[in-house]
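Participant: Before anything else, here's the structure in question.
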Amino acid sequence: MNKCSAPRLNGSILLQQVRALGEIGADQVNGGRTRIALTDAEKAGRDQLVAWMKELDLDVRVDRIGNIFGTLRSVSDQGDQAPLMMGSHIDTVTNAGALDGCYGVLAALAVARAFREAGVLPSRSITIGTFTNEEGVRYQPDMLGSLVYARGLAVDEALATRGTDGTRLGDELQRIGYAGDLEPGSVIPHEYLELHIEQGPILEAENTQIGVVETLQGISWQRIVVQGNANHAGTTPTRLRHDAGYVACAVVAELRDIAKDSGATTLATVGCMSFEPNVINVIPRRATFTVDLRDPDEALLLSAEKRLSQFLAAISTEEGVQISTEQLVRFQPVTFDAGLADEIEDSAKRCGFSHKRMTSGAGHDAQMIARIAPSAMIFVPSRGGISHNPREHTDDDQLLKGAEVLLDVVVHRLSLTH
Ligand code: HGY
Ligand code: MN
Ligand code: MN
């Protein structure tokens, strides 16, 4: 081990750990890996991460919502210092890539490793935060662990959340052994940095190495249930139908028009849909589907929601069906800390990497932590803009460049004690 040198990134360990974590929950049939929050596979990912934190002799704490924190204490920290926090998540969607979330957590760990290997301590403690249920696949809302941490949702309410599989979040947390005792949000970070893959096509298309993320778009999730009448597919004339399946599909088409009419800023996705009774020769009695609407501008997001709600009212009358909606998630657009974004940009310049100011299309834990501490994000390119897919990929040299910027920003924010 190098004594008393400047902290330097150990790129090979970072890349090895990204690959090793990516093996946990690997799906041999459909590809990628599936580590949905608080499942056995995700517990295995947590256990591996905690073991890596302990190898670096970090102080590991788990809070009541299952967020994991590994802290490298500064010389002056008596346990009460506001740390510089870096982090992200290690839960995944179904058949995910290996990078979403994990890259940011492991790069943060690489920053702590750089300090350990150089034999120096930071002037302010460094904490690596790994937040519970960022993806929101099983329990809604998404970014739940960081939202609770930022006091945007009461911990007991979050623990009582029912999953898509009927499980209670708090029970699953107990079951996998990650119901900690730390009160969420009891340690407010001095500032927060999140390194992440872009998950979109912009940096690659513009041949740019580093994204300086200054804003993040608003997100609105709803569950919609259409109640019509089941009837015989061969005997019921079209004018007499109350077809829940047809209405659901008309909503999908309207959402595409809303997106098109927005001039490309609004994005609309129906990711889940089910029909009952789901039989070839029966008109659907009931359709249940989700809507994910996003826009970087709150006024435009509100107008998309309003147009959807007017469409639902009109089609419900026209088709003689009942429609109910439930808001699952509603987060306004976020503006990150300008000073931290400037620092990231300066670092990209120092490192000689091309860079660009940008908006995040995906939700991230940073948007929640931004409620309680100055926060900003660093992006690296995603090949083909593909994410939430086993084909998600970023070249190793790009992963290392992003981690270099993260380390450089941290070193510039802190002075070092040999
Ligand atoms: O869907 C999102 O953007 C988030 O990563 N859960
Ligand atoms: Mn993510
Ligand atoms: Mn994701």
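Each chain of the structure tokens is named A, B, ... in the order shown, its residues numbered from 1; ligands are numbered from 1 in display order.
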At a cut-off of 8 Å around ligand 2, and using only C-alpha atoms and all ligand atoms, what residues come up? Please write them as an mmCIF file with N, CA and C atoms, in the first residue's frame.
Facilitator:
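Okay, pocket.cif is ready:
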```cif
data_model
loop_
_atom_site.group_PDB
_atom_site.id
_atom_site.type_symbol
_atom_site.label_atom_id
_atom_site.label_comp_id
_atom_site.auth_asym_id
_atom_site.auth_seq_id
_atom_site.Cartn_x
_atom_site.Cartn_y
_atom_site.Cartn_z
ATOM 1 N N SER A 88 -26.025 5.933 -4.431
ATOM 2 C CA SER A 88 -27.014 5.557 -5.450
ATOM 3 C C SER A 88 -27.723 4.306 -4.907
ATOM 4 N N HIS A 89 -28.004 3.333 -5.748
ATOM 5 C CA HIS A 89 -28.786 2.164 -5.319
ATOM 6 C C HIS A 89 -28.240 0.900 -5.957
ATOM 7 N N THR A 92 -32.534 -3.406 -8.703
ATOM 8 C CA THR A 92 -32.645 -3.308 -10.160
ATOM 9 C C THR A 92 -34.092 -3.514 -10.604
ATOM 10 N N ASP A 100 -26.751 0.470 -13.786
ATOM 11 C CA ASP A 100 -27.728 1.400 -13.226
ATOM 12 C C ASP A 100 -27.656 1.351 -11.695
ATOM 13 N N GLY A 101 -27.254 2.458 -11.085
ATOM 14 C CA GLY A 101 -27.162 2.531 -9.622
ATOM 15 C C GLY A 101 -25.866 1.951 -9.082
ATOM 16 N N CYS A 102 -25.573 0.690 -9.460
ATOM 17 C CA CYS A 102 -24.408 -0.026 -8.898
ATOM 18 C C CYS A 102 -23.107 0.713 -9.202
ATOM 19 N N GLU A 134 -34.863 2.049 -5.011
ATOM 20 C CA GLU A 134 -34.834 3.187 -5.933
ATOM 21 C C GLU A 134 -35.726 2.937 -7.122
ATOM 22 N N GLU A 135 -35.756 1.675 -7.585
ATOM 23 C CA GLU A 135 -36.439 1.422 -8.860
ATOM 24 C C GLU A 135 -37.956 1.494 -8.754
ATOM 25 N N HIS A 196 -23.688 8.391 -12.220
ATOM 26 C CA HIS A 196 -24.647 7.436 -12.790
ATOM 27 C C HIS A 196 -24.424 7.364 -14.294
ATOM 28 N N ILE A 197 -24.810 6.250 -14.888
ATOM 29 C CA ILE A 197 -24.847 6.208 -16.355
ATOM 30 C C ILE A 197 -26.008 7.080 -16.819
ATOM 31 N N ALA A 362 -34.122 10.168 -16.104
ATOM 32 C CA ALA A 362 -34.486 9.152 -15.102
ATOM 33 C C ALA A 362 -34.608 9.801 -13.725
ATOM 34 N N GLY A 363 -35.339 9.135 -12.843
ATOM 35 C CA GLY A 363 -35.360 9.547 -11.452
ATOM 36 C C GLY A 363 -34.108 9.029 -10.760
ATOM 37 N N HIS A 364 -33.654 9.728 -9.747
ATOM 38 C CA HIS A 364 -32.451 9.307 -9.016
ATOM 39 C C HIS A 364 -32.574 9.690 -7.547
ATOM 40 N N ASP A 365 -31.834 8.967 -6.699
ATOM 41 C CA ASP A 365 -31.836 9.301 -5.271
ATOM 42 C C ASP A 365 -31.395 10.743 -5.026
#
```
Participant: Using DSSP on the backbone coordinates, identify the residues of segment 165-365 of chain A assigned to alpha helix (DSSP H); present them as a ChimeraX atom specification.
Facilitator: /A:169-176,202-205,244-261,298-319,338-351,365
Participant: Between atom CA of Val137 of chain A and atom CA of Val93 of chain A, what is the distance, to one decimal in Å?
Facilitator: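 Between these atoms lies a distance of 6.3 Å.
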Participant: Could you list, as a PDB file with C-alpha atoms, in the first residue's frame, all the residues within 12 Å of ligand 1, counting only C-alpha atoms and all ligand atoms?
Facilitator:
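Result went into result.pdb, see below:
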```pdb
ATOM      1  CA  ILE A  36     -35.702  -6.397  -7.134  1.00  0.00           C
ATOM      2  CA  ALA A  37     -35.708  -4.512  -3.819  1.00  0.00           C
ATOM      3  CA  SER A  88     -27.014   5.557  -5.450  1.00  0.00           C
ATOM      4  CA  HIS A  89     -28.786   2.164  -5.319  1.00  0.00           C
ATOM      5  CA  ILE A  90     -28.171  -1.530  -5.979  1.00  0.00           C
ATOM      6  CA  ASP A  91     -31.744  -2.715  -6.518  1.00  0.00           C
ATOM      7  CA  THR A  92     -32.645  -3.308 -10.160  1.00  0.00           C
ATOM      8  CA  VAL A  93     -35.579  -3.619 -12.520  1.00  0.00           C
ATOM      9  CA  ALA A  96     -31.487  -5.158 -15.802  1.00  0.00           C
ATOM     10  CA  ASP A 100     -27.728   1.400 -13.226  1.00  0.00           C
ATOM     11  CA  GLY A 101     -27.162   2.531  -9.622  1.00  0.00           C
ATOM     12  CA  PHE A 131     -30.698   3.664  -0.860  1.00  0.00           C
ATOM     13  CA  THR A 132     -33.544   1.147  -0.619  1.00  0.00           C
ATOM     14  CA  ASN A 133     -35.997   0.540  -3.473  1.00  0.00           C
ATOM     15  CA  GLU A 134     -34.834   3.187  -5.933  1.00  0.00           C
ATOM     16  CA  GLU A 135     -36.439   1.422  -8.860  1.00  0.00           C
ATOM     17  CA  GLY A 136     -39.954   1.276  -7.477  1.00  0.00           C
ATOM     18  CA  VAL A 137     -40.725  -1.965  -9.312  1.00  0.00           C
ATOM     19  CA  ARG A 138     -42.059  -3.811  -6.296  1.00  0.00           C
ATOM     20  CA  TYR A 139     -42.931  -0.978  -3.904  1.00  0.00           C
ATOM     21  CA  GLN A 140     -44.068   2.482  -4.914  1.00  0.00           C
ATOM     22  CA  PRO A 141     -42.987   5.227  -4.889  1.00  0.00           C
ATOM     23  CA  ASP A 142     -39.607   4.771  -6.498  1.00  0.00           C
ATOM     24  CA  MET A 143     -36.620   6.439  -4.773  1.00  0.00           C
ATOM     25  CA  LEU A 144     -38.414   5.377  -1.561  1.00  0.00           C
ATOM     26  CA  GLY A 145     -35.335   4.974   0.664  1.00  0.00           C
ATOM     27  CA  SER A 146     -33.900   8.360  -0.232  1.00  0.00           C
ATOM     28  CA  HIS A 196     -24.647   7.436 -12.790  1.00  0.00           C
ATOM     29  CA  ILE A 197     -24.847   6.208 -16.355  1.00  0.00           C
ATOM     30  CA  GLU A 198     -26.914   8.571 -18.494  1.00  0.00           C
ATOM     31  CA  GLN A 199     -29.424   5.858 -19.530  1.00  0.00           C
ATOM     32  CA  GLY A 200     -30.218   8.013 -22.569  1.00  0.00           C
ATOM     33  CA  LEU A 216     -34.013  16.382 -13.328  1.00  0.00           C
ATOM     34  CA  GLN A 217     -37.452  16.098 -14.869  1.00  0.00           C
ATOM     35  CA  GLY A 218     -40.742  15.760 -13.007  1.00  0.00           C
ATOM     36  CA  ILE A 219     -42.329  12.308 -12.739  1.00  0.00           C
ATOM     37  CA  SER A 220     -46.007  11.355 -12.458  1.00  0.00           C
ATOM     38  CA  TRP A 221     -47.104   7.717 -12.063  1.00  0.00           C
ATOM     39  CA  LEU A 267     -42.728  11.470 -22.317  1.00  0.00           C
ATOM     40  CA  THR A 269     -45.298   5.270 -21.121  1.00  0.00           C
ATOM     41  CA  GLY A 271     -45.509  -0.153 -18.947  1.00  0.00           C
ATOM     42  CA  VAL A 291     -49.075   5.554 -16.772  1.00  0.00           C
ATOM     43  CA  ASP A 292     -45.607   7.106 -16.441  1.00  0.00           C
ATOM     44  CA  LEU A 293     -45.607  10.779 -17.507  1.00  0.00           C
ATOM     45  CA  ARG A 294     -42.466  12.941 -17.364  1.00  0.00           C
ATOM     46  CA  ASP A 295     -41.509  16.483 -18.300  1.00  0.00           C
ATOM     47  CA  VAL A 329     -45.830   8.840  -7.625  1.00  0.00           C
ATOM     48  CA  ARG A 330     -45.677  12.610  -8.143  1.00  0.00           C
ATOM     49  CA  PHE A 331     -42.333  14.347  -8.024  1.00  0.00           C
ATOM     50  CA  SER A 360     -31.711  13.779 -16.180  1.00  0.00           C
ATOM     51  CA  GLY A 361     -34.575  11.870 -17.759  1.00  0.00           C
ATOM     52  CA  ALA A 362     -34.486   9.152 -15.102  1.00  0.00           C
ATOM     53  CA  GLY A 363     -35.360   9.547 -11.452  1.00  0.00           C
ATOM     54  CA  HIS A 364     -32.451   9.307  -9.016  1.00  0.00           C
ATOM     55  CA  ASP A 365     -31.836   9.301  -5.271  1.00  0.00           C
ATOM     56  CA  ALA A 366     -30.055  12.644  -5.741  1.00  0.00           C
ATOM     57  CA  GLN A 367     -33.404  14.304  -6.443  1.00  0.00           C
ATOM     58  CA  MET A 368     -34.564  13.368  -2.939  1.00  0.00           C
ATOM     59  CA  SER A 387     -30.937   1.055 -20.015  1.00  0.00           C
ATOM     60  CA  HIS A 388     -33.400  -1.043 -17.977  1.00  0.00           C
TER      61      HIS A 388
END
```
Participant: Write out as an mmCIF file with N, CA and C atoms, in the first residue's frame the residues lying within 10 Å of Glu191 of chain A, counting only C-alpha atoms and excluding same-chain residues fewer than 3 positions away.
Facilitator:
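Result file is part11.cif:
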```
data_model
loop_
_atom_site.group_PDB
_atom_site.id
_atom_site.type_symbol
_atom_site.label_atom_id
_atom_site.label_comp_id
_atom_site.auth_asym_id
_atom_site.auth_seq_id
_atom_site.Cartn_x
_atom_site.Cartn_y
_atom_site.Cartn_z
ATOM 1 N N ALA A 82 -21.235 16.368 9.679
ATOM 2 C CA ALA A 82 -22.025 16.180 8.450
ATOM 3 C C ALA A 82 -21.081 15.704 7.353
ATOM 4 N N PRO A 83 -21.294 14.507 6.826
ATOM 5 C CA PRO A 83 -20.327 13.965 5.860
ATOM 6 C C PRO A 83 -20.568 14.470 4.443
ATOM 7 N N LEU A 84 -19.539 14.352 3.636
ATOM 8 C CA LEU A 84 -19.747 14.462 2.200
ATOM 9 C C LEU A 84 -20.279 13.087 1.787
ATOM 10 N N MET A 85 -21.480 13.065 1.246
ATOM 11 C CA MET A 85 -22.077 11.767 0.896
ATOM 12 C C MET A 85 -22.065 11.562 -0.612
ATOM 13 N N MET A 86 -21.770 10.318 -1.005
ATOM 14 C CA MET A 86 -21.913 9.903 -2.407
ATOM 15 C C MET A 86 -22.780 8.663 -2.371
ATOM 16 N N ILE A 188 -27.589 14.532 8.361
ATOM 17 C CA ILE A 188 -27.828 15.325 7.138
ATOM 18 C C ILE A 188 -26.481 15.522 6.458
ATOM 19 N N ASP A 337 -27.754 21.760 -7.170
ATOM 20 C CA ASP A 337 -26.976 22.874 -6.628
ATOM 21 C C ASP A 337 -25.997 23.412 -7.685
ATOM 22 N N LEU A 340 -22.184 23.032 -6.918
ATOM 23 C CA LEU A 340 -21.654 21.669 -7.102
ATOM 24 C C LEU A 340 -21.564 21.319 -8.591
ATOM 25 N N ILE A 369 -32.318 13.629 -2.070
ATOM 26 C CA ILE A 369 -31.321 14.186 -1.151
ATOM 27 C C ILE A 369 -31.180 15.697 -1.383
ATOM 28 N N ALA A 370 -31.488 16.151 -2.610
ATOM 29 C CA ALA A 370 -31.430 17.588 -2.917
ATOM 30 C C ALA A 370 -32.384 18.396 -2.030
ATOM 31 N N ILE A 372 -32.559 18.099 1.157
ATOM 32 C CA ILE A 372 -31.955 18.352 2.471
ATOM 33 C C ILE A 372 -30.494 18.791 2.403
ATOM 34 N N ALA A 373 -29.873 18.668 1.219
ATOM 35 C CA ALA A 373 -28.448 19.022 1.122
ATOM 36 C C ALA A 373 -28.124 19.416 -0.316
ATOM 37 N N PRO A 374 -27.132 20.296 -0.507
ATOM 38 C CA PRO A 374 -26.716 20.615 -1.872
ATOM 39 C C PRO A 374 -26.315 19.325 -2.589
ATOM 40 N N SER A 375 -26.860 19.114 -3.782
ATOM 41 C CA SER A 375 -26.649 17.849 -4.489
ATOM 42 C C SER A 375 -26.427 18.108 -5.974
ATOM 43 N N ALA A 376 -25.710 17.194 -6.619
ATOM 44 C CA ALA A 376 -25.568 17.255 -8.080
ATOM 45 C C ALA A 376 -25.161 15.877 -8.570
ATOM 46 N N ARG A 413 -13.037 19.229 -2.807
ATOM 47 C CA ARG A 413 -13.947 19.763 -1.783
ATOM 48 C C ARG A 413 -13.333 19.622 -0.388
#
```
Participant: Could you state the separation of atom CA of Thr71 of chain A and atom CA of Ile126 of chain A in Å, given to one decimal place?
Facilitator: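 Those two atoms sit 5.6 Å apart.
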Participant: DSSP on the backbone: which residues in segment 173-384 of chain A end up as strand (DSSP E)? Give the answer as a VMD selection string.
Facilitator: chain A and resid 191 to 197 210 to 216 218 to 227 267 to 269 273 to 276 286 to 295 322 to 331 334 to 335 355 to 360 375 to 380
Participant: Sorted by chain and rising residue number, which residues of segment 281-381 of chain A lie within 8 Å of segment 225-241 of chain A, and what are their closest atom pairs and distances in Å to one decimal, counting only C-alpha atoms, as a tab-separated table?
Facilitator:
```
residue	atom	partner	partner_atom	distance
A:Asn281	CA	A:Ala233	CA	4.9
A:Val282	CA	A:Ala233	CA	5.2
A:Ile283	CA	A:Ala230	CA	5.0
A:Pro284	CA	A:Ala230	CA	5.4
A:Arg285	CA	A:Ala230	CA	4.3
A:Arg286	CA	A:Gln227	CA	4.7
A:Ala287	CA	A:Val226	CA	5.1
A:Thr288	CA	A:Val225	CA	4.5
A:Phe289	CA	A:Val225	CA	6.6
A:Glu319	CA	A:Arg241	CA	7.5
A:Gly320	CA	A:Gly228	CA	7.3
A:Val321	CA	A:Gly228	CA	4.8
A:Gln322	CA	A:Gln227	CA	5.0
A:Ile323	CA	A:Val226	CA	4.5
A:Ser324	CA	A:Val225	CA	5.3
A:Thr325	CA	A:Val225	CA	6.4
```
Participant: Between A:Leu328, A:Val252, A:Leu400, A:Val120, which one has atoms that come closest to Leu414 of chain A, using only C-alpha atoms?
Facilitator: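 That would be A:Val120, the residue with the smallest distance to Leu414 of chain A.
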Participant: Of the candidates A:Gly97, A:Arg256, A:Leu14, A:Ala250, which shows the shortest atom-to-atom distance to ligand 3, using only C-alpha atoms and all ligand atoms?
Facilitator: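 Smallest distance to ligand 3 is found for A:Gly97.
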Participant: Identify, on the basis of only C-alpha atoms, every residue whose closest approach to Arg113 of chain A does not exceed 9 Å; exclude the query and any residue fewer than 2 positions from it along the same chain; express the result as a PyMOL selection string.
Facilitator: chain A and resi 7-10+56+108-111+115-118
Participant: Would you save the residues of that selection, restricted to N, CA and C atoms, as a short mmCIF file (atom, residue, chain, number, x, y, z; two decimals), in the first residue's frame?
Facilitator:
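The result, written out as out.cif:
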```cif
data_model
loop_
_atom_site.label_atom_id
_atom_site.label_comp_id
_atom_site.auth_asym_id
_atom_site.auth_seq_id
_atom_site.Cartn_x
_atom_site.Cartn_y
_atom_site.Cartn_z
N PRO A 7 -4.74 10.60 -3.25
CA PRO A 7 -5.65 9.49 -3.53
C PRO A 7 -5.77 9.27 -5.05
N ARG A 8 -5.61 8.03 -5.47
CA ARG A 8 -5.71 7.70 -6.90
C ARG A 8 -6.71 6.58 -7.09
N LEU A 9 -7.42 6.65 -8.19
CA LEU A 9 -8.46 5.64 -8.46
C LEU A 9 -7.83 4.29 -8.76
N ASN A 10 -8.33 3.25 -8.09
CA ASN A 10 -7.92 1.88 -8.43
C ASN A 10 -8.98 1.35 -9.41
N LEU A 56 -12.72 -2.16 3.58
CA LEU A 56 -12.08 -0.82 3.62
C LEU A 56 -12.15 -0.22 5.01
N ALA A 108 -18.24 5.29 -5.66
CA ALA A 108 -18.10 5.97 -4.37
C ALA A 108 -17.19 5.15 -3.45
N LEU A 109 -17.37 3.83 -3.51
CA LEU A 109 -16.50 2.95 -2.72
C LEU A 109 -15.04 3.09 -3.21
N ALA A 110 -14.89 3.26 -4.51
CA ALA A 110 -13.54 3.42 -5.07
C ALA A 110 -12.89 4.72 -4.58
N VAL A 111 -13.72 5.73 -4.31
CA VAL A 111 -13.18 6.98 -3.75
C VAL A 111 -12.64 6.70 -2.34
N PHE A 115 -8.57 6.83 -0.83
CA PHE A 115 -8.06 7.44 0.40
C PHE A 115 -7.29 6.40 1.22
N ARG A 116 -7.89 5.22 1.36
CA ARG A 116 -7.22 4.17 2.16
C ARG A 116 -5.88 3.81 1.54
N GLU A 117 -5.86 3.62 0.24
CA GLU A 117 -4.60 3.18 -0.40
C GLU A 117 -3.54 4.27 -0.35
N ALA A 118 -3.97 5.53 -0.34
CA ALA A 118 -3.00 6.63 -0.27
C ALA A 118 -2.55 6.87 1.17
#
```
Participant: Which one of A:Arg371, A:Arg162, A:Lys43, A:Lys356 sits closest to Gln174 of chain A if you count only C-alpha atoms?
Facilitator: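 Ranked by minimum distance to Gln174 of chain A, first place goes to A:Lys43.
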Participant: What is the distance, in Å and to one decimal place, between atom CA of Phe275 of chain A and atom CA of Gln327 of chain A?
Facilitator: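 Atom CA of Phe275 of chain A sits 20.1 Å away from atom CA of Gln327 of chain A.
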Participant: For ligand 3, which residue out of A:Pro390, A:Pro277, A:Gly384, A:Pro184 is the nearest one, using only C-alpha atoms and all ligand atoms?
Facilitator: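 Checking each of A:Pro390, A:Pro277, A:Gly384, A:Pro184 against ligand 3, counting only C-alpha atoms and all ligand atoms, the winner is A:Pro390.
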Participant: Which neighbours of Arg73 of chain A fall inside 9 Å, counting only C-alpha atoms, when residues of the same chain fewer than 2 positions from it are skipped, and could you give them as a VMD selection string?
Facilitator: chain A and resid 58 to 59 71 75 to 79 81 83 121 to 127
Participant: Which residue gives the smallest distance to Met377 of chain A among A:Asn95, A:Gln310, A:Thr215, A:Thr266, with only C-alpha atoms counted?
Facilitator: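 Going through A:Asn95, A:Gln310, A:Thr215, A:Thr266 one by one, the smallest distance to Met377 of chain A is for A:Thr215.
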Participant: Would you mind telling me which residue in A:Asn389, A:Asn67, A:Thr39, A:Ser354 lies nearest to ligand 3 when using only C-alpha atoms and all ligand atoms?
Facilitator: A:Asn389
Participant: Give me the residues within 7 Å of Leu38 of chain A as an mmCIF file with N, CA and C atoms, in the first residue's frame, counting only C-alpha atoms and dropping any in the same chain fewer than 5 places off.
Facilitator:
```
data_model
loop_
_atom_site.group_PDB
_atom_site.id
_atom_site.type_symbol
_atom_site.label_atom_id
_atom_site.label_comp_id
_atom_site.auth_asym_id
_atom_site.auth_seq_id
_atom_site.Cartn_x
_atom_site.Cartn_y
_atom_site.Cartn_z
ATOM 1 N N LYS A 43 -30.765 -9.112 -1.263
ATOM 2 C CA LYS A 43 -30.060 -9.317 0.015
ATOM 3 C C LYS A 43 -28.619 -9.775 -0.262
ATOM 4 N N GLU A 172 -40.478 -7.555 4.717
ATOM 5 C CA GLU A 172 -39.419 -8.039 3.832
ATOM 6 C C GLU A 172 -38.051 -7.529 4.291
ATOM 7 N N LEU A 173 -38.045 -6.302 4.785
ATOM 8 C CA LEU A 173 -36.799 -5.722 5.299
ATOM 9 C C LEU A 173 -36.291 -6.541 6.505
ATOM 10 N N ILE A 176 -34.951 -10.066 5.359
ATOM 11 C CA ILE A 176 -33.608 -10.144 4.765
ATOM 12 C C ILE A 176 -32.536 -9.598 5.721
#
```
